[in-house]
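Peer 1: My file is protein06.pdb. It has PDB, C-alpha atoms and all ligand atoms:
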ATOM      1  CA  MET A   1      99.398 114.925  75.917
ATOM      2  CA  THR A   2     102.416 112.930  77.138
ATOM      3  CA  ASP A   3     102.875 114.289  80.682
ATOM      4  CA  LEU A   4      99.214 113.916  81.667
ATOM      5  CA  ILE A   5      98.514 112.345  85.077
ATOM      6  CA  ILE A   6      94.987 111.379  86.115
ATOM      7  CA  LYS A   7      94.249 110.746  89.771
ATOM      8  CA  GLN A   8      91.421 110.547  92.245
ATOM      9  CA  TYR A   9      91.324 113.234  94.950
ATOM     10  CA  GLU A  10      89.317 114.052  98.062
ATOM     11  CA  SER A  11      87.649 117.340  98.938
ATOM     12  CA  ALA A  12      90.258 117.826 101.698
ATOM     13  CA  ASP A  13      93.072 117.689  99.092
ATOM     14  CA  PRO A  14      94.599 121.043  97.990
ATOM     15  CA  LEU A  15      93.642 119.963  94.433
ATOM     16  CA  TYR A  16      90.007 120.533  95.390
ATOM     17  CA  CYS A  17      90.553 124.341  95.523
ATOM     18  CA  GLN A  18      92.044 124.254  92.024
ATOM     19  CA  ALA A  19      89.079 122.147  90.876
ATOM     20  CA  CYS A  20      86.544 124.618  92.313
ATOM     21  CA  SER A  21      88.316 127.522  90.555
ATOM     22  CA  LEU A  22      88.190 125.627  87.252
ATOM     23  CA  ARG A  23      84.535 124.657  87.795
ATOM     24  CA  GLU A  24      83.590 128.268  88.511
ATOM     25  CA  ARG A  25      85.541 129.599  85.506
ATOM     26  CA  LEU A  26      84.353 126.997  82.983
ATOM     27  CA  LEU A  27      80.879 126.025  84.174
ATOM     28  CA  ARG A  28      79.461 129.069  85.980
ATOM     29  CA  GLU A  29      81.083 132.356  84.866
ATOM     30  CA  PRO A  30      80.036 131.899  81.188
ATOM     31  CA  LEU A  31      76.444 131.742  82.531
ATOM     32  CA  GLY A  32      76.963 134.906  84.624
ATOM     33  CA  MET A  33      77.004 132.870  87.839
ATOM     34  CA  ARG A  34      79.372 131.977  90.671
ATOM     35  CA  LEU A  35      79.879 128.501  92.123
ATOM     36  CA  ARG A  36      76.992 128.145  94.582
ATOM     37  CA  GLU A  37      76.521 126.266  97.856
ATOM     38  CA  VAL A  38      74.241 123.824  96.023
ATOM     39  CA  ASP A  39      77.105 123.056  93.606
ATOM     40  CA  VAL A  40      79.501 121.983  96.364
ATOM     41  CA  GLN A  41      77.301 120.784  99.218
ATOM     42  CA  TYR A  42      77.916 117.058  98.617
ATOM     43  CA  ASP A  43      81.571 117.322  97.551
ATOM     44  CA  GLY A  44      82.835 115.908 100.866
ATOM     45  CA  HIS A  45      80.240 113.130 101.029
ATOM     46  CA  PRO A  46      81.651 109.571 101.016
ATOM     47  CA  ASN A  47      79.465 108.765  97.973
ATOM     48  CA  MET A  48      81.223 111.433  95.901
ATOM     49  CA  MET A  49      84.329 110.518  93.865
ATOM     50  CA  HIS A  50      86.486 113.229  92.286
ATOM     51  CA  PHE A  51      89.079 112.834  89.516
ATOM     52  CA  ALA A  52      91.669 115.340  88.294
ATOM     53  CA  ALA A  53      93.897 115.541  85.239
ATOM     54  CA  LEU A  54      97.231 117.196  85.998
ATOM     55  CA  VAL A  55     100.122 118.521  83.945
ATOM     56  CA  GLY A  56     103.213 119.556  85.899
ATOM     57  CA  GLY A  57     101.223 119.407  89.137
ATOM     58  CA  GLN A  58      98.594 121.856  87.821
ATOM     59  CA  LEU A  59      95.000 120.716  87.569
ATOM     60  CA  ILE A  60      93.720 121.095  83.989
ATOM     61  CA  ALA A  61      90.510 119.032  84.199
ATOM     62  CA  THR A  62      88.116 117.676  86.782
ATOM     63  CA  VAL A  63      85.061 115.457  86.933
ATOM     64  CA  SER A  64      83.041 114.140  89.874
ATOM     65  CA  PHE A  65      80.703 111.168  90.317
ATOM     66  CA  TRP A  66      77.835 110.785  92.769
ATOM     67  CA  ILE A  67      77.683 107.053  93.493
ATOM     68  CA  LYS A  68      74.205 105.607  93.791
ATOM     69  CA  MET A  69      74.676 101.880  93.258
ATOM     70  CA  PRO A  70      74.534 100.259  90.809
ATOM     71  CA  GLY A  71      74.993 103.564  88.980
ATOM     72  CA  ALA A  72      76.836 106.858  89.247
ATOM     73  CA  GLU A  73      75.970 110.383  88.127
ATOM     74  CA  LEU A  74      78.726 112.288  86.352
ATOM     75  CA  ARG A  75      78.914 115.929  87.472
ATOM     76  CA  GLN A  76      81.013 119.068  86.993
ATOM     77  CA  MET A  77      82.973 117.866  83.952
ATOM     78  CA  CYS A  78      85.375 120.527  82.683
ATOM     79  CA  VAL A  79      88.705 120.852  80.903
ATOM     80  CA  ASP A  80      90.718 124.097  80.997
ATOM     81  CA  SER A  81      90.186 125.987  77.727
ATOM     82  CA  THR A  82      93.939 125.829  76.932
ATOM     83  CA  ALA A  83      93.777 121.995  77.018
ATOM     84  CA  GLN A  84      90.476 121.382  75.218
ATOM     85  CA  GLY A  85      90.495 119.267  72.053
ATOM     86  CA  LEU A  86      93.575 117.306  73.185
ATOM     87  CA  ASN A  87      91.724 114.190  74.390
ATOM     88  CA  VAL A  88      92.014 115.198  78.073
ATOM     89  CA  GLY A  89      88.250 114.967  78.638
ATOM     90  CA  ALA A  90      88.032 111.528  77.028
ATOM     91  CA  SER A  91      91.078 110.363  79.040
ATOM     92  CA  ILE A  92      89.748 111.465  82.436
ATOM     93  CA  ILE A  93      86.386 109.787  81.759
ATOM     94  CA  ALA A  94      88.088 106.553  80.609
ATOM     95  CA  HIS A  95      90.266 106.516  83.738
ATOM     96  CA  ALA A  96      87.296 107.212  86.023
ATOM     97  CA  GLU A  97      85.250 104.464  84.348
ATOM     98  CA  GLU A  98      87.918 101.874  85.192
ATOM     99  CA  GLU A  99      87.897 102.977  88.852
ATOM    100  CA  LEU A 100      84.100 102.990  88.948
ATOM    101  CA  LYS A 101      83.935  99.486  87.444
ATOM    102  CA  ARG A 102      86.338  98.236  90.139
ATOM    103  CA  TYR A 103      83.976  99.816  92.674
ATOM    104  CA  GLY A 104      81.061  97.848  91.180
ATOM    105  CA  VAL A 105      79.367 100.670  89.250
ATOM    106  CA  SER A 106      77.701  99.380  86.060
ATOM    107  CA  MET A 107      76.048 102.499  84.613
ATOM    108  CA  ILE A 108      76.874 106.219  84.395
ATOM    109  CA  ARG A 109      74.404 108.981  83.639
ATOM    110  CA  ALA A 110      74.948 112.688  83.147
ATOM    111  CA  HIS A 111      72.796 115.776  82.702
ATOM    112  CA  ALA A 112      74.751 117.004  79.695
ATOM    113  CA  ARG A 113      74.724 120.425  78.115
ATOM    114  CA  VAL A 114      73.320 119.960  74.607
ATOM    115  CA  SER A 115      76.200 122.140  73.315
ATOM    116  CA  VAL A 116      78.703 119.379  74.253
ATOM    117  CA  VAL A 117      76.556 116.234  73.956
ATOM    118  CA  GLY A 118      78.742 115.155  71.012
ATOM    119  CA  PHE A 119      81.632 114.802  73.458
ATOM    120  CA  TYR A 120      79.632 112.363  75.617
ATOM    121  CA  GLN A 121      78.441 110.464  72.540
ATOM    122  CA  LYS A 122      82.089 110.022  71.464
ATOM    123  CA  SER A 123      82.732 108.479  74.899
ATOM    124  CA  GLY A 124      79.909 105.959  74.371
ATOM    125  CA  PHE A 125      76.971 107.707  76.068
ATOM    126  CA  PHE A 126      73.538 107.792  74.435
ATOM    127  CA  ASP A 127      70.691 110.300  74.865
ATOM    128  CA  VAL A 128      67.818 109.079  77.040
ATOM    129  CA  SER A 129      65.627 112.166  77.483
ATOM    130  CA  GLN A 130      64.105 115.140  75.732
ATOM    131  CA  HIS A 131      65.987 118.420  75.869
ATOM    132  CA  GLU A 132      65.153 120.483  78.978
ATOM    133  CA  GLU A 133      66.256 123.824  80.380
ATOM    134  CA  HIS A 134      68.650 123.846  83.332
ATOM    135  CA  LEU A 135      70.656 126.922  84.427
ATOM    136  CA  GLY A 136      69.014 128.684  81.462
ATOM    137  CA  ILE A 137      70.541 126.411  78.806
ATOM    138  CA  PRO A 138      69.326 123.187  77.141
ATOM    139  CA  HIS A 139      70.385 119.911  78.740
ATOM    140  CA  VAL A 140      69.760 116.243  77.941
ATOM    141  CA  TRP A 141      70.211 113.136  80.086
ATOM    142  CA  VAL A 142      72.793 110.723  78.665
ATOM    143  CA  GLU A 143      73.707 107.235  79.877
ATOM    144  CA  LYS A 144      76.433 104.673  79.376
ATOM    145  CA  TYR A 145      76.650 101.063  80.559
ATOM    146  CA  LEU A 146      80.104  99.993  81.713
TER     147      LEU A 146
HETATM  148  C1  LIG B 201      83.197 119.353  76.813
HETATM  149  C2  LIG B 201      84.631 119.160  77.306
HETATM  150  C3  LIG B 201      84.620 118.515  78.672
HETATM  151  C4  LIG B 201      85.354 118.255  76.295
HETATM  152  O1  LIG B 201      86.676 117.983  76.764
HETATM  153  P1  LIG B 201      87.904 117.919  75.733
HETATM  154  O2  LIG B 201      89.100 117.502  76.484
HETATM  155  O3  LIG B 201      87.977 119.212  74.996
HETATM  156  O4  LIG B 201      87.423 116.769  74.725
HETATM  157  P2  LIG B 201      88.342 115.674  74.030
HETATM  158  O5  LIG B 201      89.500 116.357  73.356
HETATM  159  O6  LIG B 201      88.684 114.600  74.998
HETATM  160  O7  LIG B 201      87.359 115.123  72.903
HETATM  161  C5  LIG B 201      87.020 113.738  72.781
HETATM  162  C6  LIG B 201      86.130 113.585  71.550
HETATM  163  O8  LIG B 201      84.922 114.363  71.742
HETATM  164  C7  LIG B 201      84.774 115.317  70.700
HETATM  165  N1  LIG B 201      84.256 116.560  71.273
HETATM  166  C8  LIG B 201      84.823 117.317  72.225
HETATM  167  N2  LIG B 201      84.040 118.389  72.500
HETATM  168  C9  LIG B 201      82.967 118.283  71.687
HETATM  169  C10 LIG B 201      81.805 119.112  71.500
HETATM  170  N3  LIG B 201      81.613 120.247  72.188
HETATM  171  N4  LIG B 201      80.902 118.696  70.578
HETATM  172  C11 LIG B 201      81.082 117.559  69.850
HETATM  173  N5  LIG B 201      82.172 116.743  70.001
HETATM  174  C12 LIG B 201      83.103 117.119  70.912
HETATM  175  C13 LIG B 201      86.184 115.528  70.143
HETATM  176  O9  LIG B 201      86.145 115.975  68.805
HETATM  177  C14 LIG B 201      86.796 114.142  70.280
HETATM  178  O10 LIG B 201      86.353 113.343  69.193
HETATM  179  P3  LIG B 201      87.364 112.313  68.444
HETATM  180  O11 LIG B 201      87.574 111.196  69.451
HETATM  181  O12 LIG B 201      86.626 111.882  67.244
HETATM  182  O13 LIG B 201      88.625 113.081  68.169
HETATM  183  C15 LIG B 201      85.388 120.524  77.324
HETATM  184  O14 LIG B 201      85.310 121.126  76.064
HETATM  185  C16 LIG B 201      84.873 121.490  78.369
HETATM  186  O15 LIG B 201      85.296 121.452  79.517
HETATM  187  N6  LIG B 201      83.965 122.426  77.966
HETATM  188  C17 LIG B 201      83.496 123.504  78.852
HETATM  189  C18 LIG B 201      82.730 123.012  80.054
HETATM  190  C19 LIG B 201      81.564 122.122  79.683
HETATM  191  O16 LIG B 201      80.744 122.452  78.841
HETATM  192  N7  LIG B 201      81.505 120.969  80.360
HETATM  193  C20 LIG B 201      80.468 119.971  80.140
HETATM  194  C21 LIG B 201      79.276 120.257  80.980
HETATM  195  S1  LIG B 201      77.977 119.043  80.677
END
As structure tokens, what does this structure read like?
Peer 2:
Amino acid sequence: MTDLIIKQYESADPLYCQACSLRERLLREPLGMRLREVDVQYDGHPNMMHFAALVGGQLIATVSFWIKMPGAELRQMCVDSTAQGLNVGASIIAHAEEELKRYGVSMIRAHARVSVVGFYQKSGFFDVSQHEEHLGIPHVWVEKYL
């Protein structure tokens, strides 16, 4: 995707509202849920870093990281369904990893949905746990050293 821009944003940025809409649509509605207080309660915390992928000013992907040095936990990864399969997810993770490395982060972990674990594996993550239920669907912890 040639006109793709990836940038960091804060929870006070208007992009955050677009990100929450995408998160609700992609990560919660398919499970019959809404975005809950527990999903957003740390979004404004200084240890949280958010990244967006934009095309023509419109947010098409978002991912957040909870920094807990020397590591970071990847959260709320989603790409708009119209842009999936176009390397947007891999690009936003690669961009975020460079920023996180500059920040001193040396390891990323994620509680990945088993249905998309292949995506994380393609980005260099490896499985480090048994499958477990979360939000009613199987998840697995994955990790990657930067
Ligand atoms: C999972 C998701 C983030 C992937 O983003 P994407 O932009 O479609 O993925 P990319 O196009 O960057 O794919 C990168 C690589 O991962 C692979 N991949 C992508 N989704 C995959 C999946 N579900 N299973 C296995 N491999 C996958 C691609 O084939 C590609 O491989 P390649 O490098 O050999 O071509 C996106 O499909 C999504 O938002 N899904 C719905 C929300 C969700 O489940 N989020 C994750 C919660 S843990």
Peer 1: Quick one: distance from CA of Val116 (chain A) to atom P3 of ligand LIG 201 (chain B) in Å, one decimal?
Peer 2: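 Computed distance, CA of Val116 (chain A) to atom P3 of ligand LIG 201 (chain B), equals 12.6 Å.
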Peer 1: Any idea what's packed within 8 Å of region 76-85 of chain A, counting only C-alpha atoms, ignoring anything in its chain fewer than 4 positions away? Could you give it as a list in words?
Peer 2: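 Listing them by chain and then by number gives Leu22, Arg23, Leu26, Leu27, Ile60, Ala61, Thr62, Val63, Ser64 and Gly89 of chain A.
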Peer 1: List every protein, DNA or RNA residue that has at least one atom no more than 7 Å from (74.8, 101.3, 85.7) in the file's coordinates, counting all atoms listed in the file, and write the result as a PDB file with C-alpha atoms, keeping the file's coordinate frame.
Peer 2:
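The new file part15.pdb reads:
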ATOM      1  CA  PRO A  70      74.534 100.259  90.809  1.00  0.00           C
ATOM      2  CA  GLY A  71      74.993 103.564  88.980  1.00  0.00           C
ATOM      3  CA  ALA A  72      76.836 106.858  89.247  1.00  0.00           C
ATOM      4  CA  VAL A 105      79.367 100.670  89.250  1.00  0.00           C
ATOM      5  CA  SER A 106      77.701  99.380  86.060  1.00  0.00           C
ATOM      6  CA  MET A 107      76.048 102.499  84.613  1.00  0.00           C
ATOM      7  CA  ILE A 108      76.874 106.219  84.395  1.00  0.00           C
ATOM      8  CA  TYR A 145      76.650 101.063  80.559  1.00  0.00           C
ATOM      9  CA  LEU A 146      80.104  99.993  81.713  1.00  0.00           C
TER      10      LEU A 146
END
Peer 1: State, in Å with one decimal place, the distance from CA of Met33 (chain A) to atom S1 of ligand LIG 201 (chain B).
Peer 2: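 Going from CA of Met33 (chain A) over to atom S1 of ligand LIG 201 (chain B), I get 15.6 Å.
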Peer 1: Would you please work out which residue, of A:Val117, A:Asn47, A:Pro30, A:Ile5, is nearest to His139 (chain A) when using all atoms listed in the file?
Peer 2: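 Going through A:Val117, A:Asn47, A:Pro30, A:Ile5 one by one, the smallest distance to His139 (chain A) is for A:Val117.
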